[in-house]
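What follows is one structure encoded as structure tokens, with my remarks underneath.
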Amino acid sequence: MDRSRGRRGCPMNHFRLGGPPDDGRTVIIPVCVEGLPDIKRARARLGTAALLPNMAARHAVTWFYGYGGEPDILLVGLGEAAKLQPAVIREAAGNAGRALLKERRSEAAVSFEGLVSSVRSGSCRPEDISAWVEGWMLGTYTFDKYKAKPGGEHGIVHVQLNCEDGPEWQAAVQLGSIRAEGTIWARDMANEPPNYLRPRDLAERAAARFAGTEATVKVYEGEELDRMGFTGLMAVGKGSAYPPVFLEIRYCTDETKPLIALIGKGITFDTGGISLKRDNDISDMRMDMAGAAGVLGALDILVRSGAPANVAVLVPSAENSPSDRSLLPGEVIRYANGVTVQVGNTDSEGRLILADALIYAHRIGAAQAIDMATLTYSVVGALGSRVAGLLGDNQLAQSLRTAGEPFGERVWQLPLVDDYEAYLDSDYADTSNISKVGEAGTITAALFLRKFVHPDLAWAHIDMNGPKESSSAKGEFATGATGFGARMLSAYITGIPEV
């Protein structure tokens, strides 16, 4: 697994199974409220009176320092047993990992004696181990590769998991690691400063990541874009000194399955173009390729887990910059499917490049297309920072919602209201890329994309502008990019996993 780039502040984690938990200098005990009285180690040392219910609340972290050679104890809260889910275990692991690093510990042992539910009864399952490994790695992630004095502790963290040591449990550790690594790679790309991740850089990183695997990578650029009919991508990218690219990665290990196209918006920086953004700080526009990062992270999970799949990842990538060559408001673009678009605003560029990819998805024979993009601010107003908007085919939408829920990657379906399509009418072309009415921005953006979806193609659109980043480190989240969608999409491709 590639741990060399972008995670200088994310410690390497060595996980091992079995053995008594006292082998580590620190004993970590994740605990439900109902399991608090049954923690023999803490009760014997401290007495029952010292164990207060709030110590087992979700996100609670409590240190008990040892003396006379006794190990320190770290209690991490899981909340009520009735609500114990893998997502809760992941957030507890992330909280524990950060607490350990803050205290500059290099080793720890995890005891699961405080797990209580109707099926666990004070013991853990392989799914719990997978969730713990995943949450620990994601929670200890930081992106500080450009700091002269990185924050946090670096080096190797040895984590012993007090559970069985057999093939099923080892596979659980591996699965958790693979999911975390794919999500971390997605975070790395979205966090990168724009001067270190131009469109061509994004393509090169993907090619390097999948070199030597069963995935095949094609990068279209220059005159090839014109020959392939990627007119929207060329129009958006023509204002930058860093030319656009179209990335196609095939991972087809089971061609008996229908071909699924995963499409990610790859705008490596969005100034708004000629329709320049007016915010004081637009530095987070480097994350306008978080959709691309998410679909690439999903592919990484599929490839490294060896999952049977028939997938094409499509990433149109450009830098939306103002210059004397830039796309101008009022220009008309003719797409490969014959639809003409009048550009009303160059800051609505994401939909212009996704249109190319949707047309291409049908051209290569995809049965389904799922596009993911930081497309509108309207979706944040509607659903907030923790839920993505989802529009399109109802059955596909329900399956995606089910796939994302176990990972906390939540989506909510919004309606495609046909009456709103008139908002996109243009006097000069078949459609405009922006609505002339100041409402339903997320829905009208999806209605625009629908014009480029062939009737034979089952399609879903994910507007993940809200959950693309986290403002603070909590649970499995670090400050910055979240890697949203990588686990949801990989789970959808493989079928809903038991997590």
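In the structure tokens, the first chain shown is A, the next is B, and so on; residue numbers restart at 1 for each chain, and ligands run from 1 in the order shown.
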
Write down as an MDAnalysis selection string the residues of segment 253-465 of chain A whose backbone DSSP state falls under strand (DSSP E). chainID A and resid 260:264 266:270 310:320 332:334 340:342 368:373 387:392 410:413 431:432 458:463

If you run DSSP over the backbone, which residues in segment 93-286 of chain A end up alpha helix (DSSP H)? Put them as a PyMOL selection string. chain A and resi 93-102+126-139+167-191+199-209+223-228+231-237

Quick one: contact table of segment 441-476 of chain A to segment 56-76 of chain A, 12 Å max, nearest atom pair and distance in Å to one decimal per residue, counting only C-alpha atoms, chain and number order, as CSV?
residue,atom,partner,partner_atom,distance
A:Ala473,CA,A:His59,CA,11.5
A:Lys474,CA,A:His59,CA,8.0
A:Gly475,CA,A:His59,CA,7.1
A:Glu476,CA,A:His59,CA,10.7

Hey, what's within 9 Å of Ser177 of chain A if we count only C-alpha atoms and toss same-chain stuff fewer than 2 positions away? As a count of residues only, please? 12

Show me, as a PDB file with C-alpha atoms, in the first residue's frame, the residues that have an atom within 10 Å of Leu138 of chain A when counting only C-alpha atoms, minus same-chain residues fewer than 6 positions from it.
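Final output, around-v1.pdb:
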ATOM      1  CA  CYS A  10      -0.389  10.203   9.324  1.00  0.00           C
ATOM      2  CA  ARG A  90     -14.913   3.692  13.627  1.00  0.00           C
ATOM      3  CA  GLU A  91     -15.410   7.069  15.287  1.00  0.00           C
ATOM      4  CA  ALA A  93     -11.130   4.277  17.020  1.00  0.00           C
ATOM      5  CA  GLY A  94     -10.390   7.640  15.420  1.00  0.00           C
ATOM      6  CA  GLY A  97      -5.874   7.163  17.811  1.00  0.00           C
ATOM      7  CA  TRP A 132     -11.664  -0.342  14.298  1.00  0.00           C
ATOM      8  CA  SER A 177      -6.872  -1.221   5.880  1.00  0.00           C
ATOM      9  CA  ARG A 179     -10.953   0.766   2.740  1.00  0.00           C
ATOM     10  CA  ALA A 180      -8.999   3.290   4.776  1.00  0.00           C
ATOM     11  CA  GLU A 181      -6.167   3.505   2.244  1.00  0.00           C
ATOM     12  CA  THR A 183     -10.311   6.847   1.319  1.00  0.00           C
ATOM     13  CA  ILE A 184      -6.995   8.343   2.415  1.00  0.00           C
ATOM     14  CA  ARG A 187      -8.338  12.753   0.759  1.00  0.00           C
ATOM     15  CA  GLY A 475     -14.223  10.546  15.049  1.00  0.00           C
ATOM     16  CA  GLU A 476     -12.885   9.155  11.783  1.00  0.00           C
ATOM     17  CA  PHE A 477     -12.727  12.617  10.199  1.00  0.00           C
ATOM     18  CA  ALA A 478      -9.673  14.841   9.989  1.00  0.00           C
ATOM     19  CA  THR A 482     -13.164  13.520   3.824  1.00  0.00           C
ATOM     20  CA  GLY A 483     -12.756  11.209   0.819  1.00  0.00           C
TER      21      GLY A 483
END

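Comparing the minimum interatomic distances between Ala422 of chain A and each of A:Leu115, A:Ile260, A:Val245, A:Ile434, counting only C-alpha atoms, we find that A:Ile434 sits nearest.
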
Write out as a list of chain:residue names the residues lying within 6 Å of Ile267 of chain A, counting only C-alpha atoms and excluding same-chain residues fewer than 6 positions away. A:Asp288, A:Met289, A:Ser317, A:Ala318, A:Glu319

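Closest to Leu233 of chain A among A:Glu221, A:Asp430, A:Asp371, A:Glu103 is A:Glu221, based on only C-alpha atoms.
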
Among A:Asn310, A:Asn162, A:Ser432, A:Thr271, Glu113 of chain A is approached most closely, using only C-alpha atoms, by A:Asn162

Residues within 9 Å of segment 383-392 of chain A, only C-alpha atoms, excluding chain neighbours under 3 positions, as a PyMOL selection string: chain A and resi 378-380+395-397+400-401+408-416+442-443+446+450+458-470

Keeping only N, CA and C atoms, take the residues you just selected and write them out as a JSON list (two decimals), in the first residue's frame.
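Result saved to out.json:
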[["chain", "number", "residue", "atom", "x", "y", "z"],
["A", 378, "SER", "N", -26.31, 25.08, -3.58],
["A", 378, "SER", "CA", -27.70, 24.91, -3.18],
["A", 378, "SER", "C", -27.89, 23.65, -2.34],
["A", 379, "VAL", "N", -27.15, 22.60, -2.66],
["A", 379, "VAL", "CA", -27.33, 21.34, -1.94],
["A", 379, "VAL", "C", -26.90, 21.46, -0.47],
["A", 380, "VAL", "N", -25.95, 22.34, -0.20],
["A", 380, "VAL", "CA", -25.51, 22.55, 1.19],
["A", 380, "VAL", "C", -26.61, 23.25, 1.98],
["A", 395, "GLN", "N", -34.39, 3.15, -8.28],
["A", 395, "GLN", "CA", -33.82, 1.90, -7.78],
["A", 395, "GLN", "C", -32.32, 2.05, -7.53],
["A", 396, "LEU", "N", -31.65, 2.71, -8.43],
["A", 396, "LEU", "CA", -30.22, 2.95, -8.28],
["A", 396, "LEU", "C", -29.96, 3.84, -7.06],
["A", 397, "ALA", "N", -30.81, 4.85, -6.89],
["A", 397, "ALA", "CA", -30.66, 5.76, -5.76],
["A", 397, "ALA", "C", -30.81, 5.02, -4.43],
["A", 400, "LEU", "N", -27.69, 2.93, -3.71],
["A", 400, "LEU", "CA", -26.56, 3.76, -3.29],
["A", 400, "LEU", "C", -26.74, 4.23, -1.85],
["A", 401, "ARG", "N", -27.96, 4.57, -1.50],
["A", 401, "ARG", "CA", -28.22, 5.00, -0.12],
["A", 401, "ARG", "C", -27.91, 3.87, 0.86],
["A", 408, "GLY", "N", -21.38, 5.92, 7.07],
["A", 408, "GLY", "CA", -21.68, 7.32, 7.39],
["A", 408, "GLY", "C", -21.63, 8.20, 6.17],
["A", 409, "GLU", "N", -21.61, 7.62, 4.97],
["A", 409, "GLU", "CA", -21.64, 8.40, 3.72],
["A", 409, "GLU", "C", -23.10, 8.48, 3.28],
["A", 410, "ARG", "N", -23.78, 9.46, 3.84],
["A", 410, "ARG", "CA", -25.23, 9.54, 3.68],
["A", 410, "ARG", "C", -25.62, 10.36, 2.46],
["A", 411, "VAL", "N", -26.63, 9.87, 1.77],
["A", 411, "VAL", "CA", -27.19, 10.57, 0.63],
["A", 411, "VAL", "C", -28.71, 10.66, 0.82],
["A", 412, "TRP", "N", -29.31, 11.68, 0.25],
["A", 412, "TRP", "CA", -30.75, 11.85, 0.33],
["A", 412, "TRP", "C", -31.29, 12.19, -1.04],
["A", 413, "GLN", "N", -32.29, 11.43, -1.47],
["A", 413, "GLN", "CA", -32.80, 11.62, -2.83],
["A", 413, "GLN", "C", -33.69, 12.84, -2.93],
["A", 414, "LEU", "N", -33.41, 13.65, -3.94],
["A", 414, "LEU", "CA", -34.22, 14.82, -4.27],
["A", 414, "LEU", "C", -34.97, 14.53, -5.57],
["A", 415, "PRO", "N", -36.10, 15.17, -5.80],
["A", 415, "PRO", "CA", -36.89, 14.87, -6.99],
["A", 415, "PRO", "C", -36.37, 15.58, -8.23],
["A", 416, "LEU", "N", -36.51, 14.92, -9.36],
["A", 416, "LEU", "CA", -36.27, 15.56, -10.65],
["A", 416, "LEU", "C", -37.60, 16.12, -11.15],
["A", 442, "THR", "N", -29.94, 22.75, -7.18],
["A", 442, "THR", "CA", -29.44, 21.38, -7.27],
["A", 442, "THR", "C", -30.25, 20.57, -8.26],
["A", 443, "ILE", "N", -31.57, 20.76, -8.25],
["A", 443, "ILE", "CA", -32.45, 20.01, -9.14],
["A", 443, "ILE", "C", -32.24, 20.44, -10.59],
["A", 446, "ALA", "N", -29.14, 18.94, -12.07],
["A", 446, "ALA", "CA", -29.34, 17.55, -12.44],
["A", 446, "ALA", "C", -30.19, 17.43, -13.70],
["A", 450, "ARG", "N", -29.27, 15.48, -17.16],
["A", 450, "ARG", "CA", -30.16, 14.45, -17.72],
["A", 450, "ARG", "C", -30.28, 14.56, -19.24],
["A", 458, "ALA", "N", -29.18, 3.66, -17.09],
["A", 458, "ALA", "CA", -29.64, 3.95, -15.72],
["A", 458, "ALA", "C", -28.64, 4.92, -15.09],
["A", 459, "TRP", "N", -29.13, 6.00, -14.52],
["A", 459, "TRP", "CA", -28.24, 7.10, -14.11],
["A", 459, "TRP", "C", -28.60, 7.64, -12.75],
["A", 460, "ALA", "N", -27.57, 7.96, -11.98],
["A", 460, "ALA", "CA", -27.74, 8.65, -10.70],
["A", 460, "ALA", "C", -26.68, 9.74, -10.60],
["A", 461, "HIS", "N", -27.07, 10.86, -10.04],
["A", 461, "HIS", "CA", -26.18, 12.00, -9.84],
["A", 461, "HIS", "C", -26.06, 12.30, -8.36],
["A", 462, "ILE", "N", -24.82, 12.39, -7.87],
["A", 462, "ILE", "CA", -24.54, 12.67, -6.45],
["A", 462, "ILE", "C", -23.88, 14.04, -6.34],
["A", 463, "ASP", "N", -24.57, 14.97, -5.71],
["A", 463, "ASP", "CA", -24.00, 16.30, -5.46],
["A", 463, "ASP", "C", -23.48, 16.29, -4.02],
["A", 464, "MET", "N", -22.14, 16.16, -3.90],
["A", 464, "MET", "CA", -21.52, 15.96, -2.58],
["A", 464, "MET", "C", -20.74, 17.19, -2.12],
["A", 465, "ASN", "N", -21.25, 18.36, -2.46],
["A", 465, "ASN", "CA", -20.52, 19.57, -2.11],
["A", 465, "ASN", "C", -20.44, 19.78, -0.60],
["A", 466, "GLY", "N", -21.48, 19.34, 0.14],
["A", 466, "GLY", "CA", -21.46, 19.50, 1.59],
["A", 466, "GLY", "C", -20.46, 18.61, 2.28],
["A", 467, "PRO", "N", -20.57, 17.29, 2.13],
["A", 467, "PRO", "CA", -19.68, 16.38, 2.88],
["A", 467, "PRO", "C", -18.30, 16.17, 2.27],
["A", 468, "LYS", "N", -17.89, 16.99, 1.33],
["A", 468, "LYS", "CA", -16.56, 16.82, 0.73],
["A", 468, "LYS", "C", -15.44, 17.11, 1.73],
["A", 469, "GLU", "N", -15.73, 17.92, 2.78],
["A", 469, "GLU", "CA", -14.68, 18.29, 3.73],
["A", 469, "GLU", "C", -15.25, 18.40, 5.13],
["A", 470, "SER", "N", -14.35, 18.33, 6.11],
["A", 470, "SER", "CA", -14.71, 18.46, 7.51],
["A", 470, "SER", "C", -13.98, 19.66, 8.09]]

Find, counting only C-alpha atoms, the residue in A:Cys124, A:Met234, A:Ile333, A:Ile28 that gets nearest to Gly222 of chain A. A:Met234

Atom CA of Ala186 of chain A to atom CA of Asn394 of chain A, straight-line distance in Å: 27.2 Å

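Among the candidates A:Tyr420, A:Trp185, A:Tyr242, A:Phe210, the one nearest to Phe484 of chain A when counting only C-alpha atoms is A:Trp185.
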
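Put simply, atom CA of Asn433 of chain A is 5.5 Å away from atom CA of Val343 of chain A.
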
Test item: residues at most 8 Å from segment 200-203 of chain A, only C-alpha atoms, excluding those fewer than 4 positions along its chain, as a ChimeraX atom specification: /A:189,196,207,219,242-245,247

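Between atom CA of Pro167 of chain A and atom CA of Glu127 of chain A there is a distance of 13.3 Å.
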
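In terms of minimum interatomic distance to Ala293 of chain A, A:Leu489 ranks closest within A:Ile129, A:Ala87, A:Val417, A:Leu489, counting only C-alpha atoms.
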